[in-house]
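Listing of input.txt, compact mmCIF, C-alpha atoms
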```
# COMPACT_ATOMS: atom_id res chain seq x y z
CA MET A 1 -42.26 49.66 -37.06
CA ASN A 2 -42.63 53.13 -38.54
CA THR A 3 -41.64 55.96 -36.14
CA GLY A 4 -45.03 57.56 -36.78
CA TYR A 5 -46.72 54.62 -35.08
CA LEU A 6 -44.54 55.06 -32.00
CA PHE A 7 -45.57 58.72 -31.77
CA MET A 8 -49.21 57.75 -32.27
CA ILE A 9 -49.02 55.17 -29.46
CA ALA A 10 -47.20 57.63 -27.17
CA GLY A 11 -49.87 60.25 -27.85
CA LEU A 12 -52.68 57.77 -27.29
CA LEU A 13 -51.25 56.61 -23.96
CA SER A 14 -50.43 60.16 -22.85
CA PHE A 15 -53.89 61.52 -23.64
CA GLY A 16 -55.46 58.48 -22.02
CA THR A 17 -53.53 58.92 -18.79
CA LEU A 18 -54.55 62.59 -18.69
CA GLY A 19 -58.10 61.48 -17.92
CA ILE A 20 -56.86 59.31 -15.05
CA PHE A 21 -54.78 62.17 -13.62
CA HIS A 22 -57.72 64.59 -13.92
CA LYS A 23 -59.93 62.23 -11.94
CA LEU A 24 -57.21 61.71 -9.35
CA ALA A 25 -56.84 65.50 -8.99
CA ASP A 26 -60.61 65.82 -8.52
CA VAL A 27 -60.66 63.03 -5.90
CA LYS A 28 -57.81 64.79 -4.07
CA ASP A 29 -59.89 68.02 -4.23
CA CYS A 30 -57.27 70.00 -6.16
CA ARG A 31 -58.17 73.53 -7.21
CA PRO A 32 -58.55 73.52 -11.02
CA SER A 33 -56.65 76.80 -11.42
CA ALA A 34 -53.67 75.54 -9.40
CA LEU A 35 -53.70 72.25 -11.29
CA ASN A 36 -53.77 74.12 -14.60
CA ALA A 37 -50.80 76.27 -13.58
CA LEU A 38 -48.82 73.21 -12.49
CA ILE A 39 -49.65 71.28 -15.68
CA TYR A 40 -48.33 74.04 -17.90
CA GLY A 41 -45.38 74.77 -15.61
CA TRP A 42 -44.25 71.13 -15.83
CA SER A 43 -44.91 71.14 -19.57
CA LEU A 44 -42.51 74.07 -19.88
CA VAL A 45 -39.86 72.27 -17.81
CA PHE A 46 -40.25 69.09 -19.90
CA SER A 47 -40.06 71.09 -23.14
CA VAL A 48 -36.91 72.93 -22.06
CA ILE A 49 -35.27 69.63 -21.05
CA THR A 50 -36.27 68.02 -24.36
CA VAL A 51 -34.96 70.92 -26.43
CA THR A 52 -31.74 71.00 -24.39
CA LEU A 53 -31.12 67.25 -24.72
CA MET A 54 -31.85 67.28 -28.44
CA ARG A 55 -29.55 70.31 -28.82
CA THR A 56 -31.79 71.71 -31.51
CA GLY A 57 -33.08 74.83 -29.85
CA PRO A 58 -36.63 75.96 -30.39
CA ALA A 59 -36.08 76.23 -34.15
CA ALA A 60 -39.33 77.41 -35.65
CA PRO A 61 -40.27 80.14 -38.08
CA LEU A 62 -41.51 83.35 -36.44
CA PRO A 63 -45.17 82.79 -37.48
CA VAL A 64 -45.16 79.54 -35.48
CA PHE A 65 -44.41 81.49 -32.31
CA TRP A 66 -47.47 83.68 -32.97
CA ILE A 67 -49.59 80.57 -33.55
CA ALA A 68 -48.28 79.04 -30.32
CA ILE A 69 -49.69 81.87 -28.20
CA PRO A 70 -53.39 81.32 -28.99
CA PHE A 71 -52.71 77.56 -29.09
CA GLY A 72 -51.39 77.66 -25.51
CA VAL A 73 -54.22 79.91 -24.32
CA SER A 74 -56.80 77.61 -25.93
CA ALA A 75 -55.20 74.52 -24.39
CA SER A 76 -55.09 76.16 -20.98
CA ILE A 77 -58.74 77.22 -21.13
CA ALA A 78 -59.75 73.73 -22.31
CA ILE A 79 -57.92 71.99 -19.46
CA LEU A 80 -59.22 74.46 -16.88
CA ALA A 81 -62.83 74.15 -18.12
CA PHE A 82 -62.55 70.36 -18.20
CA GLN A 83 -61.16 70.16 -14.67
CA MET A 84 -63.84 72.51 -13.35
CA GLY A 85 -66.53 70.56 -15.21
CA ILE A 86 -65.55 67.26 -13.63
CA ARG A 87 -66.94 68.57 -10.34
CA HIS A 88 -70.40 68.73 -11.92
CA GLY A 89 -70.42 65.33 -13.60
CA ASN A 90 -68.50 62.12 -13.84
CA ILE A 91 -65.16 61.63 -15.58
CA ALA A 92 -66.45 59.09 -18.08
CA THR A 93 -69.04 61.46 -19.52
CA SER A 94 -66.68 64.45 -19.44
CA TRP A 95 -63.89 62.53 -21.16
CA LEU A 96 -66.25 61.26 -23.86
CA ALA A 97 -67.44 64.82 -24.51
CA ILE A 98 -63.83 66.02 -24.81
CA ASN A 99 -63.12 63.30 -27.36
CA LEU A 100 -66.23 64.20 -29.33
CA SER A 101 -64.77 67.69 -29.73
CA SER A 102 -62.51 66.18 -32.41
CA ALA A 103 -65.35 67.03 -34.79
CA ILE A 104 -64.29 70.69 -34.69
CA PRO A 105 -60.84 70.25 -36.31
CA THR A 106 -62.29 67.61 -38.63
CA VAL A 107 -64.94 69.99 -39.96
CA ALA A 108 -62.35 72.80 -40.14
CA SER A 109 -60.00 70.58 -42.16
CA ILE A 110 -62.80 69.81 -44.59
CA ALA A 111 -64.00 73.42 -44.85
CA ILE A 112 -60.67 75.28 -44.80
CA TYR A 113 -58.17 72.86 -46.30
CA GLY A 114 -60.48 71.00 -48.67
CA GLU A 115 -59.83 67.62 -47.07
CA PRO A 116 -61.96 65.06 -48.88
CA LEU A 117 -65.13 63.91 -47.16
CA ASN A 118 -65.69 60.19 -47.57
CA THR A 119 -68.49 57.93 -46.35
CA ARG A 120 -66.72 56.93 -43.12
CA LYS A 121 -66.00 60.53 -42.11
CA THR A 122 -69.57 61.53 -42.93
CA ILE A 123 -70.99 58.73 -40.78
CA ALA A 124 -68.59 59.56 -37.93
CA LEU A 125 -69.53 63.24 -38.03
CA LEU A 126 -73.24 62.44 -38.09
CA MET A 127 -72.83 60.15 -35.08
CA ILE A 128 -71.33 62.91 -32.92
CA PRO A 129 -74.66 64.71 -32.26
CA VAL A 130 -76.23 61.29 -31.61
CA SER A 131 -73.48 60.53 -29.08
CA ILE A 132 -73.95 63.87 -27.35
CA ALA A 133 -77.72 63.30 -27.17
CA LEU A 134 -77.16 59.83 -25.67
CA LEU A 135 -74.75 61.28 -23.09
CA TRP A 136 -77.35 63.92 -22.19
CA VAL A 137 -80.09 61.27 -21.82
CA ASP A 138 -77.78 59.14 -19.65
CA LYS A 139 -76.95 62.12 -17.44
CA LYS A 140 -80.64 63.05 -17.14
CA ARG A 141 -81.61 59.50 -16.16
CA GLY A 142 -78.83 59.40 -13.58
CA ASP A 143 -79.99 62.72 -12.12
CA ASP A 144 -83.59 61.46 -12.03
CA ARG A 145 -82.48 58.31 -10.16
CA VAL A 146 -80.62 60.41 -7.59
CA GLU A 147 -83.66 62.67 -7.10
CA THR A 148 -85.98 59.67 -6.75
CA ALA A 149 -83.67 58.05 -4.19
CA ALA A 150 -83.41 61.30 -2.25
CA SER A 151 -87.19 61.74 -2.27
CA ALA A 152 -87.73 58.16 -1.08
CA LYS A 153 -85.20 58.62 1.70
CA GLY A 154 -86.81 61.91 2.78
CA ALA A 155 -90.30 60.36 2.83
CA ARG A 156 -89.30 57.83 5.52
```
The structure in this file should be written as structure tokens.
Amino acid sequence: MNTGYLFMIAGLLSFGTLGIFHKLADVKDCRPSALNALIYGWSLVFSVITVTLMRTGPAAPLPVFWIAIPFGVSASIAILAFQMGIRHGNIATSWLAINLSSAIPTVASIAIYGEPLNTRKTIALLMIPVSIALLWVDKKRGDDRVETAASAKGAR
């Protein structure tokens, strides 16, 4: 098996378990800001251990360090916003919305780097607004059911 597939599977499993850990943190009533700090603190520890064990050092050209700063800030804001948002909706909808955000780098790759746009990518990109609309309709119907149930209970 190609090493790239192993990294792809590791990434898939890691990102997938993030959703489970986010829900667990919400169930345990963790403060999103504290959770965010701990996530990135442990990421730093893991990165230092990895670099130390590989004995490579953080070998990267200087511009990469400057790219890493906004990258880290963006990642931190995304995780914090996601964790805070879970309190206002369910994990399934929130996680789907996060995954739909993949349209942003896809469109950027097409616009900035001239990545070719084929039929499959076009269909996938067109389905993203449809997916978001369906998630919104599902959320609205769920809210309506809760309101109806609350009204019926209050009328007794």
* Asked: Taking all atoms listed in the file into account, which of A:Ser76, A:Thr148, A:Ser131, A:Asn118 comes nearest Leu38 in chain A?
  ->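 The closest residue to Leu38 in chain A is A:Ser76.
Atom pair CA of Leu96 in chain A / CA of Met127 in chain A has a distance of 13.1 Å (rounded to one decimal).
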* Long-range neighbours of range 13-30 of chain A as a ChimeraX atom specification, 7 Å cut-off, all atoms listed in the file, 5 positions minimum in chain -> /A:35,83,91,95
Edge lengths and centre in Å to one decimal, as AutoDock Vina command-line options, of the axis-aligned box that encloses all listed atoms of range 23-35 of chain A with 3 Å added on every side?
```
--center_x -57.2 --center_y 69.3 --center_z -8.0 --size_x 13.0 --size_y 21.1 --size_z 13.9
```
* **Computed interatomic separation between CA of Phe71 in chain A and CA of Ile86 in chain A (Å)** =>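 These atoms are spaced 22.6 Å apart.
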* At most 12 Å from (-61.9, 73.8, -20.3), file frame, all atoms listed in the file: which residues, as a list of chain:residue names? -> A:His22, A:Pro32, A:Ser33, A:Asn36, A:Val73, A:Ser74, A:Ala75, A:Ser76, A:Ile77, A:Ala78, A:Ile79, A:Leu80, A:Ala81, A:Phe82, A:Gln83, A:Met84, A:Gly85, A:Ile86, A:Ser94, A:Trp95, A:Ala97, A:Ile98, A:Ser101
Output the selection as a compact mmCIF listing (two decimals), in the coordinates of the input - C-alpha atoms for each residue.
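Resulting contents of selection15.txt:
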```txt
# COMPACT_ATOMS: atom_id res chain seq x y z
CA HIS A 22 -57.72 64.59 -13.92
CA PRO A 32 -58.55 73.52 -11.02
CA SER A 33 -56.65 76.80 -11.42
CA ASN A 36 -53.77 74.12 -14.60
CA VAL A 73 -54.22 79.91 -24.32
CA SER A 74 -56.80 77.61 -25.93
CA ALA A 75 -55.20 74.52 -24.39
CA SER A 76 -55.09 76.16 -20.98
CA ILE A 77 -58.74 77.22 -21.13
CA ALA A 78 -59.75 73.73 -22.31
CA ILE A 79 -57.92 71.99 -19.46
CA LEU A 80 -59.22 74.46 -16.88
CA ALA A 81 -62.83 74.15 -18.12
CA PHE A 82 -62.55 70.36 -18.20
CA GLN A 83 -61.16 70.16 -14.67
CA MET A 84 -63.84 72.51 -13.35
CA GLY A 85 -66.53 70.56 -15.21
CA ILE A 86 -65.55 67.26 -13.63
CA SER A 94 -66.68 64.45 -19.44
CA TRP A 95 -63.89 62.53 -21.16
CA ALA A 97 -67.44 64.82 -24.51
CA ILE A 98 -63.83 66.02 -24.81
CA SER A 101 -64.77 67.69 -29.73
```
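Nearest-residue note for Ile110 in chain A: choosing from A:Ile132, A:Ile69, A:Leu12, A:Leu125, the minimum distance belongs to A:Leu125, counting only C-alpha atoms.
With CA of Tyr5 in chain A on one side and CA of Ala103 in chain A on the other, the separation reads 22.4 Å.
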* **Given all atoms listed in the file as the counted atoms, nearest of A:Ala150, A:Ser43, A:Tyr113, A:Leu100 to Val130 in chain A** => A:Leu100
